[in-house]
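Notes follow once the structure below has been shown.
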Amino acid sequence: MSGPAAAGDTAGTGAATAWLGAVGLSVVIPAHEDEHRIGATLDAVREHLDARLGTGPGDWELVVVDDGSADGTASVVRAAAAEEPRIRLVRSEDHRGRGAALRAGVLACAGERVLLTGAGLTTPLAELDRLEQALGQDGQDGQDSRDDQDNQANQENQSGGEPPAAVLGRTGNRLVRALGMPGVPGFRADTCGFALFDGDRARAAFGACVLDGPAVDAEVLRWMRRQGWQVAEVPVRSTTRPAAPRRTPGDRRRALVELFRLNAGGLAVAAVFLALSVYVFHGLWADLDGRYLKDALQDQNQWEWFVGVATDNITHLRNPLFTTAQGMPDGVNLMANATMLGLTVPLIPVTLLFGETVTFALVLTLGMAASAWTWYWLIRRRFVHSRWAAAAGGALAAFAPPMVSHANGHPNFVVLFMIPLIIDRALRLCEGRNQGRNVVRDGVLLGLFATYQIFLGEEPLLIAALGMLVFSLAYLLVDRRRALEAARPLGLGLVIAAGVCVPLLVFPLYWQFFGPQSYHSVLHGDNAGNSPRALVEYAARSLFGDAETAGRLSLNTTEQNAFYGWPLLAFGVAVCVWMWQRKVVRALAITGVVALALSLGPWVPVPRTDVVLPGPWRLMVELPLFESVIEGRVAMVCAPVLGVLLALALDRIVRVRPRELRTLGLLGVAAALIPVLPLPLAVRERAPVPAFIASGAWKGYVKDGEALVPVPLPDPGQADALHWQVEAGFGFRLAGGYYNGPWGPDRIGIYGATPRHLSNLLRDVRYGAQPPEITPQWREQARQDLEFWKAGAVVLPFQDRGIELRDMISELVGRQPEKVHDVWVWRVGPGQV
């Protein structure tokens, strides 16, 4: 505080400072230009406190902070203090703001409890009873001497029985509080307008905070929650329902500055994550029109198509869960594919303005950064105090080698920002506060979060749920009492969440599992589990990685699902040994080991031998839903596990007092992380769209309702034709395709359309097989296949083995093609073959 009376005004005579004993309740009132009402407020407070608490010198005190008023506010308070020594004035010569006034008043008071209220008494003091009941009779017991390590232990071991550190009065005027500062979205003003605090904790909190304006409320409450202290809210009556106070442009600017200061650390972390994400994808951003992620296989083509078809369906008011744009004539069940409608639909304006590739790159870049930030938020909220320790953990969770591998073309395994929010909400349910009120609220929010995640990616949610289940069972082993205490509120919350999810998801999930082109499980081969060597080797896009080695040990470049490297795994083991006394570390260790074991698949080959052992995944391989999971992906659970362990270690290391040990610890962290630092994703030149498509010449050959048949047909091995369709604005339909659909009478899921004789023949010849002798049987089969596809034209771009393909197709359809721009075209509509 500035001004000569910053530490306290002595106008109230020496009696104001004579009492040096304990004070039961301190009432702190900030005032500015309140001469017209402060006298009545002081009389009302004094009368109420005398009647309720007593007239003794230690029963209560009233501290009024005059924040540089130009009127007679200070004089009125001095006059009252002259009559009542328990009234004190703290005065600032300058108007510094509500935050500075509250801080000065709280630090000047001596109460075992501290009540904050306003000069207008919009909440009657009779409501204090509600706050005291919530704070608890033992809420004033001193518990402010815990150091950071004790606070971490409190966060980990608190069972929910400890009284809150503060209770906020929540009036019915929720709209005013939500609007807060006009012109500043999301600013919630005057949160502590009527609030009761544990005295020692209030002084610690306000003493640690620095904001002078209205954002001090958020700063204080955030600081308290970071210590692991409870902050409760209870409903109270309001004598008036005032409109939100008028604010000048200067007030709004100050609020914005304070909000920025309050969140500067988090914004800095977000900026670092965004920069790291841009670094990973900068090759793609350098030329969005001409470059393609080299290791994406056909997944970039597929996902850009998903973006485009969602936009096309919605803008034309068609069913967003189905399309016949590819896979003619059967179509594609979009709900049964990783279309990420939770993002592709909201980003339709971006797609319409800038195109599908921009949306694809934006989702990957912002999604990876947002995932890192929410992991950071969860880790800092639940496990550590150090911002940068949490940031390191969040970065590892989101930019670990498996995540970078999937960033080549699987946005659904990169955009995971909802998973930490779901985990946090589940942990809140475990705390079970406020006799079920929060359980209902948190259960509803959990249901909404899970519903949204379904539309971002179901398999990541399933794998995350598996990891959470393993962690819960592990915690049951290490802390049975607390786990059992959490079971009831968690179970109730899950029931509520299911009650929210089911009505919202019943139709989409029915469509997915029983609608057109639905399937039951996905064939992904017998070697989808991780090799044991993959757990300790490096991924292709890690700093120490070798693409050839990683390629031998993985399904493909987008499925390098482990590859954490032996230094990082060794570091994780060392952290677990070092912090084994912490229950959460033991539970994390069990979770990580189980996830790695499951990721090895149903059969585990022993390296350098011919021995094959049964793996634990055998117990799950035929379970509903899990039968479609690529088991190697379960190892991705270890990314956040290692991220939390890293954050816990760094949080401890930076507080180690011997400098030599601290340096040694940081060197160990560097040795574990440097080998797996991500490299930018490799890119290549994108194959140009044929001029026949780009110029719109196709419109003269494919009628409405007919399909264009590219040679070879699009499939998981070559799907450039999906990009043609996107560039043509979905003006034509495609035979074949790259998506998940049913195959055979059992409706087993496969990648791509059900193959036909002609599609197999065209692909075989394109990639080296000799054309067969064209017999009448072959011609008849070609006619049937073209008729099945409702083909309007067969299009052969100039390519390798183009002559062999051209001659063979000409024999099959019985006519020579037309040369149009850079393709050969055969009209094959009804009656032409």
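Residue numbering restarts at 1 for every chain of the structure tokens, chains are lettered A, B, ... in their displayed order, and ligands are numbered from 1 as they appear.
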Cut-off 12 Å: closest region 691-799 of chain A/region 351-362 of chain A atom pairs per residue, using only C-alpha atoms, as a tab-separated table:
```
residue	atom	partner	partner_atom	distance
A:Leu722	CA	A:Glu356	CA	11.8
A:His723	CA	A:Glu356	CA	9.6
A:Gln725	CA	A:Glu356	CA	11.5
A:Val726	CA	A:Glu356	CA	7.8
A:Glu727	CA	A:Gly355	CA	8.9
A:Ala728	CA	A:Gly355	CA	11.7
A:Gly729	CA	A:Gly355	CA	10.1
```
Residues from the last selection, C-alpha atoms, saved as a JSON list (two decimals), in the first residue's frame:
```json
[["chain", "number", "residue", "atom", "x", "y", "z"],
["A", 722, "LEU", "CA", -10.08, -39.17, -52.62],
["A", 723, "HIS", "CA", -8.08, -35.96, -52.99],
["A", 725, "GLN", "CA", -12.94, -35.77, -55.17],
["A", 726, "VAL", "CA", -12.21, -33.20, -52.47],
["A", 727, "GLU", "CA", -10.75, -30.81, -55.04],
["A", 728, "ALA", "CA", -13.82, -31.33, -57.25],
["A", 729, "GLY", "CA", -16.11, -30.32, -54.38]]
```
Near-Val76 (chain A) list (8 Å; only C-alpha atoms; drop same-chain fewer than 6 positions) as a ChimeraX atom specification: /A:35,38-39
Find the residues around region 786-796 of chain A up to 9 Å (only C-alpha atoms counted), leave out those fewer than 3 positions away in its own chain, and share them as a compact mmCIF listing (two decimals) with C-alpha atoms, in the first residue's frame.
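Final output, result-v3.txt:
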```
# COMPACT_ATOMS: atom_id res chain seq x y z
CA GLY A 327 -17.69 -47.00 -51.77
CA MET A 328 -20.40 -46.89 -54.44
CA PRO A 329 -23.05 -48.15 -54.32
CA ASP A 330 -23.01 -49.25 -50.67
CA TRP A 698 -15.17 -34.89 -65.77
CA TYR A 701 -18.56 -38.02 -68.57
CA VAL A 702 -20.13 -38.75 -65.17
CA LYS A 703 -23.83 -38.09 -64.75
CA GLY A 705 -25.91 -40.74 -59.55
CA GLU A 706 -23.04 -42.39 -61.47
CA ALA A 707 -19.59 -43.21 -60.15
CA LEU A 708 -16.18 -42.35 -61.50
CA VAL A 709 -13.87 -45.40 -61.62
CA PRO A 710 -10.20 -44.38 -61.26
CA VAL A 711 -7.50 -46.84 -62.30
CA PRO A 712 -6.49 -48.34 -59.99
CA LEU A 734 -16.20 -42.90 -56.41
CA ALA A 735 -16.10 -46.64 -56.80
CA GLY A 736 -13.79 -48.26 -54.26
CA LEU A 758 -12.09 -56.03 -61.81
CA GLN A 781 -17.21 -59.96 -65.23
CA ALA A 782 -16.02 -56.43 -66.05
CA ARG A 783 -19.52 -55.50 -67.25
CA GLN A 799 1.25 -43.46 -64.94
CA GLY A 802 -0.21 -47.10 -68.38
CA LEU A 805 -3.57 -50.90 -68.44
CA ARG A 806 -4.97 -48.93 -71.38
CA ILE A 809 -9.24 -51.95 -70.31
CA ASP A 822 -3.80 -35.95 -68.94
CA VAL A 823 -6.04 -39.03 -68.69
CA TRP A 824 -7.62 -41.76 -70.83
CA VAL A 825 -11.39 -41.97 -70.44
CA TRP A 826 -13.85 -44.75 -71.33
CA ARG A 827 -17.57 -43.98 -71.20
CA VAL A 828 -19.16 -46.99 -69.52
CA GLY A 829 -22.62 -45.78 -68.58
CA PRO A 830 -25.74 -47.91 -69.05
CA VAL A 833 -20.32 -51.84 -72.24
```
Counting only C-alpha atoms, what is within 8 Å of Ala753 (chain A), bar same-chain residues fewer than 4 positions away, as a count of residues only? 8
Do a neighbour search on Gly529 (chain A) at 9 Å with only C-alpha atoms, toss out local chain neighbours closer than 2 positions, and write the hits as a PyMOL selection string. chain A and resi 526-527+531+554-555+598-604+617+630-633
Just-selected residues, C-alpha atoms written as a compact mmCIF listing (two decimals), in the first residue's frame:
```txt
# COMPACT_ATOMS: atom_id res chain seq x y z
CA ASP A 526 -1.71 -61.04 -36.24
CA ASN A 527 1.31 -58.84 -35.54
CA SER A 531 7.68 -56.29 -30.15
CA SER A 554 6.19 -51.72 -36.11
CA LEU A 555 3.14 -52.18 -38.30
CA LEU A 598 -1.02 -55.68 -22.68
CA SER A 599 0.48 -53.88 -25.67
CA LEU A 600 2.62 -56.91 -26.51
CA GLY A 601 -0.44 -58.65 -27.91
CA PRO A 602 -1.91 -62.14 -27.44
CA TRP A 603 1.36 -63.82 -28.42
CA VAL A 604 4.77 -62.47 -27.42
CA TRP A 617 -4.01 -59.52 -24.26
CA ILE A 630 -4.94 -52.47 -32.23
CA GLU A 631 -3.36 -53.80 -29.07
CA GLY A 632 -0.02 -52.09 -29.63
CA ARG A 633 -1.77 -48.77 -29.05
```
